[in-house]
$ cat target19.cif   # mmCIF, C-alpha atoms
data_query
#
loop_
_atom_site.label_atom_id
_atom_site.label_comp_id
_atom_site.auth_asym_id
_atom_site.auth_seq_id
_atom_site.Cartn_x
_atom_site.Cartn_y
_atom_site.Cartn_z
CA MET A 1 12.88 -38.18 162.60
CA SER A 2 15.43 -40.54 164.14
CA SER A 3 17.51 -37.49 165.13
CA ILE A 4 14.70 -36.26 167.37
CA GLU A 5 14.28 -39.69 168.92
CA GLU A 6 18.02 -39.97 169.63
CA ASP A 7 18.13 -36.44 171.04
CA LEU A 8 15.19 -37.20 173.34
CA GLN A 9 16.98 -40.29 174.62
CA ILE A 10 20.12 -38.24 175.19
CA LEU A 11 18.04 -35.59 176.98
CA ASP A 12 16.49 -38.27 179.20
CA VAL A 13 19.94 -39.65 180.12
CA LYS A 14 21.31 -36.16 180.80
CA LEU A 15 18.30 -35.33 182.94
CA LYS A 16 18.84 -38.47 185.03
CA GLN A 17 22.53 -37.66 185.38
CA LEU A 18 21.72 -34.08 186.36
CA ARG A 19 19.34 -35.32 189.06
CA LEU A 20 22.06 -37.59 190.45
CA ASP A 21 24.62 -34.78 190.35
CA TYR A 22 22.30 -32.48 192.28
CA GLU A 23 21.61 -35.18 194.87
CA GLN A 24 25.37 -35.60 195.35
CA TYR A 25 25.76 -31.83 195.62
CA PHE A 26 23.05 -31.57 198.27
CA LEU A 27 24.56 -34.46 200.26
CA GLY A 28 27.93 -32.74 200.22
CA SER A 29 29.74 -35.30 198.02
CA ARG A 30 30.13 -32.81 195.20
CA PRO A 31 31.82 -29.45 195.94
CA ARG A 32 29.96 -27.32 193.36
CA GLU A 33 26.54 -27.14 191.79
CA PRO A 34 26.42 -28.97 188.38
CA VAL A 35 25.81 -25.84 186.29
CA LEU A 36 27.46 -27.15 183.10
CA MET A 37 25.18 -30.18 182.85
CA ARG A 38 22.20 -28.01 183.75
CA GLY A 39 23.14 -25.58 180.96
CA GLU A 40 23.34 -28.44 178.44
CA VAL A 41 19.90 -29.73 179.42
CA GLN A 42 18.49 -26.20 179.32
CA LYS A 43 19.89 -25.67 175.79
CA MET A 44 18.37 -28.91 174.50
CA ILE A 45 14.98 -28.03 176.00
CA ALA A 46 15.12 -24.50 174.58
CA TYR A 47 16.04 -25.84 171.12
CA TYR A 48 13.25 -28.41 170.96
CA SER A 49 10.73 -25.99 172.43
CA ASN A 50 11.14 -23.94 169.25
CA VAL A 51 11.03 -26.94 166.88
CA ALA A 52 7.71 -28.32 165.66
CA ILE A 53 7.72 -32.01 166.58
CA GLN A 54 5.33 -33.81 164.21
CA ASN A 55 5.36 -37.25 165.83
CA THR A 56 2.85 -37.38 168.69
CA ALA A 57 4.86 -39.92 170.69
CA HIS A 58 8.00 -37.77 170.46
CA ARG A 59 6.05 -34.63 171.36
CA PHE A 60 4.56 -36.40 174.41
CA LYS A 61 7.98 -37.67 175.50
CA PHE A 62 9.47 -34.20 175.12
CA SER A 63 6.68 -32.53 177.10
CA SER A 64 7.00 -35.11 179.89
CA LEU A 65 10.78 -34.55 180.01
CA CYS A 66 10.21 -30.79 180.11
CA SER A 67 7.72 -31.02 182.96
CA ARG A 68 10.03 -33.34 184.92
CA TYR A 69 12.93 -30.92 184.40
CA LEU A 70 10.87 -27.89 185.46
CA THR A 71 9.68 -29.67 188.61
CA MET A 72 13.19 -30.72 189.58
CA ARG A 73 14.58 -27.28 188.71
CA ARG A 74 12.06 -25.61 191.01
CA GLN A 75 13.05 -27.98 193.83
CA TRP A 76 16.78 -27.50 193.20
CA ASP A 77 16.45 -23.71 193.17
CA LEU A 78 14.56 -23.83 196.46
CA ILE A 79 17.20 -26.00 198.12
CA VAL A 80 20.05 -23.86 196.75
CA ARG A 81 18.30 -20.76 198.13
CA LYS A 82 17.99 -22.48 201.53
CA ILE A 83 21.69 -23.38 201.44
CA GLU A 84 22.60 -19.78 200.65
CA ASP A 85 20.38 -18.52 203.49
CA GLY A 86 21.81 -21.10 205.89
CA THR A 87 18.44 -22.72 206.57
CA TYR A 88 18.87 -26.01 204.71
CA GLU A 89 17.89 -28.72 207.23
CA ARG A 90 20.69 -31.13 206.43
CA HIS A 91 23.35 -28.45 206.73
CA VAL A 92 21.86 -27.03 209.93
CA PHE A 93 21.73 -30.54 211.40
CA LYS A 94 25.36 -31.21 210.45
CA ALA A 95 26.48 -27.84 211.84
CA ASN A 96 24.69 -28.46 215.15
CA LEU A 97 26.13 -31.96 215.34
CA HIS A 98 29.61 -30.63 214.61
CA ALA A 99 29.26 -27.87 217.21
CA ARG A 100 27.99 -30.35 219.79
CA GLY A 101 30.89 -32.67 219.01
CA LEU A 102 33.41 -29.86 219.46
CA ALA A 103 31.78 -28.71 222.69
CA GLY A 104 31.65 -32.28 224.00
CA ALA A 105 35.29 -32.90 223.11
CA ALA A 106 36.38 -29.66 224.78
CA ALA A 107 34.34 -30.44 227.89
CA ALA A 108 35.72 -33.97 228.07
CA THR A 109 39.32 -32.78 227.91
CA THR A 110 39.03 -29.82 230.29
CA MET A 111 36.54 -30.88 232.96
CA PRO A 112 37.23 -33.44 235.67
CA PRO A 113 34.49 -35.92 236.57
CA ARG A 114 31.64 -34.24 238.43
CA LYS A 115 30.33 -35.21 241.83
CA ALA A 116 26.61 -35.08 242.35
CA PRO A 117 25.50 -32.29 244.69
CA PRO A 118 24.10 -33.55 247.96
CA LEU A 119 20.32 -33.65 248.06
CA ALA A 120 18.80 -32.59 251.35
CA GLU A 121 15.55 -34.42 250.74
CA ALA A 122 17.16 -37.66 249.56
CA PRO A 123 16.38 -40.55 251.87
CA PRO A 124 19.19 -42.86 253.00
CA SER A 125 19.69 -45.88 250.74
CA ALA A 126 18.31 -48.23 253.41
CA ASP A 127 15.00 -46.35 253.40
CA LEU A 128 14.84 -46.04 249.60
CA PHE A 129 13.07 -49.38 249.20
CA ASP A 130 10.48 -48.44 251.83
CA SER A 131 9.92 -45.04 250.17
CA TYR A 132 9.57 -46.67 246.75
CA LEU A 133 7.16 -49.28 248.09
CA GLU A 134 5.06 -46.60 249.78
CA ALA A 135 5.03 -44.48 246.59
CA CYS A 136 3.94 -47.46 244.47
CA LYS A 137 1.10 -48.20 246.86
CA SER A 138 0.02 -44.54 246.92
CA VAL A 139 -0.43 -44.46 243.14
CA GLY A 140 -2.10 -47.87 242.99
CA GLN A 141 0.70 -49.94 241.42
CA GLU A 142 1.09 -53.66 242.08
CA THR A 143 3.85 -54.35 244.63
CA SER A 144 3.61 -58.12 245.16
CA GLY A 145 6.69 -58.92 242.99
CA LEU A 146 8.81 -56.06 244.34
CA THR A 147 11.78 -57.04 246.49
CA ARG A 148 14.68 -55.11 247.98
CA ASP A 149 17.20 -57.20 245.98
CA ARG A 150 15.40 -56.57 242.69
CA LEU A 151 15.31 -52.82 243.32
CA ASN A 152 19.02 -52.83 244.22
CA GLN A 153 19.86 -54.64 240.96
CA VAL A 154 17.93 -52.09 238.91
CA MET A 155 19.58 -49.20 240.78
CA ASP A 156 23.07 -50.68 240.27
CA ARG A 157 22.48 -50.91 236.50
CA GLN A 158 21.12 -47.36 236.42
CA ARG A 159 24.01 -46.08 238.54
CA ASP A 160 26.60 -47.56 236.17
CA SER A 161 24.79 -46.19 233.15
CA LEU A 162 24.43 -42.69 234.61
CA CYS A 163 28.06 -42.56 235.76
CA LYS A 164 29.23 -43.44 232.24
CA GLN A 165 26.79 -41.05 230.58
CA TYR A 166 27.50 -38.00 232.73
CA GLY A 167 31.06 -38.75 233.82
CA CYS A 168 30.26 -38.50 237.51
CA ALA A 169 31.64 -40.55 240.36
CA GLU A 170 28.53 -40.74 242.54
CA VAL A 171 24.78 -41.01 241.96
CA GLN A 172 22.06 -40.58 244.54
CA PHE A 173 18.53 -41.84 244.06
CA ARG A 174 15.33 -40.51 245.56
CA VAL A 175 11.68 -41.37 245.17
CA VAL A 176 9.45 -38.64 243.77
CA VAL A 177 5.77 -38.99 242.83
CA GLU A 178 5.02 -36.40 240.15
CA ALA A 179 1.52 -37.35 238.99
CA SER A 180 -0.76 -40.18 239.91
CA PRO A 181 -1.89 -42.28 236.90
CA VAL A 182 -4.83 -43.63 238.91
CA LYS A 183 -7.33 -41.19 240.42
CA PRO A 184 -8.31 -41.95 244.01
CA PRO A 185 -11.95 -42.94 244.48
CA THR A 186 -14.29 -40.11 245.39
#
$ encode --input "target19.cif" --output "structure tokens"
Amino acid sequence: MSSIEEDLQILDVKLKQLRLDYEQYFLGSRPREPVLMRGEVQKMIAYYSNVAIQNTAHRFKFSSLCSRYLTMRRQWDLIVRKIEDGTYERHVFKANLHARGLAGAAAATTMPPRKAPPLAEAPPSADLFDSYLEACKSVGQETSGLTRDRLNQVMDRQRDSLCKQYGCAEVQFRVVVEASPVKPPT
């Protein structure tokens, strides 16, 4: 009887190790699927499936280990199938990230900084504050705390941020009202 108990403990440890090995494989830390460990676990389960276990506690432990293994095996097979098909989310994400990184590096080394195209409808910077103030009033926003200096500070921060982000030398601002959050009274 103690042989069955020891074997069930060994099976439990191997099952935990197999789960960890598969997690490492799916994360890319392990180069190959852990088929040897999976074969060992499968052999132990096949052996004890054909042995009559008299002790109820041992039989319960074995059946719970079997169900845990079958659940994990189903999940592993699904993920391996996705990897083989090229649809595994983690691998697709990494591939897209890698491709974006290569495209970004190539663009950064070959393209000079861009200049913004001139906008015909862009108001001169002196009139930008007046246009912004008028737009705020037209949509019903509070304008009592709005000053020309405050708007210029915000635009300077945005200009620096946009120039760094897009690698351009010049940024032009314009005021556009796309949708009014407040409906006019009827």
$ closest_residue --input "target19.cif" --among "A:Leu8, A:His58, A:Val176, A:Arg74" --to "Cys136 (chain A)" --atoms "only C-alpha atoms"
A:Val176
$ residues_around --input "target19.cif" --residues "Met72 (chain A)" --least-positions-apart "6" --cutoff "10 Å" --atoms "only C-alpha atoms" --output "PDB file with C-alpha atoms, keeping the file's coordinate frame"
ATOM      1  CA  LEU A  15      18.300 -35.330 182.940  1.00  0.00           C
ATOM      2  CA  LEU A  18      21.720 -34.080 186.360  1.00  0.00           C
ATOM      3  CA  ARG A  19      19.340 -35.320 189.060  1.00  0.00           C
ATOM      4  CA  TYR A  22      22.300 -32.480 192.280  1.00  0.00           C
ATOM      5  CA  CYS A  66      10.210 -30.790 180.110  1.00  0.00           C
ATOM      6  CA  LEU A  78      14.560 -23.830 196.460  1.00  0.00           C
TER       7      LEU A  78
END
$ atom_distance --input "target19.cif" --atom1 "CA of Asp12 (chain A)" --atom2 "CA of Arg30 (chain A)"
21.7 Å
$ residues_around --input "target19.cif" --residues "region 81-98 of chain A" --least-positions-apart "3" --cutoff "12 Å" --atoms "only C-alpha atoms" --output "PyMOL selection string"
chain A and resi 25-28+33+74-78+101-105
$ atom_distance --input "target19.cif" --atom1 "CA of Leu151 (chain A)" --atom2 "CA of Phe129 (chain A)"
7.2 Å
$ atom_distance --input "target19.cif" --atom1 "CA of Tyr132 (chain A)" --atom2 "CA of Lys164 (chain A)"
24.6 Å
$ closest_residue --input "target19.cif" --among "A:Val171, A:Val177, A:Arg157, A:Ile79" --to "Val139 (chain A)" --atoms "only C-alpha atoms"
A:Val177
$ closest_residue --input "target19.cif" --among "A:Leu65, A:Asp127, A:Tyr48, A:Ser3" --to "Lys16 (chain A)" --atoms "all atoms listed in the file"
A:Leu65
$ closest_residue --input "target19.cif" --among "A:Ala135, A:Val154, A:Leu128, A:Val41" --to "Gln172 (chain A)" --atoms "only C-alpha atoms"
A:Leu128
$ closest_residue --input "target19.cif" --among "A:Met37, A:Leu20, A:Ile45, A:Ala57" --to "Glu5 (chain A)" --atoms "only C-alpha atoms"
A:Ala57
$ closest_residue --input "target19.cif" --among "A:Gln17, A:Gln9, A:Asn152, A:Gln42" --to "Leu70 (chain A)" --atoms "only C-alpha atoms"
A:Gln42
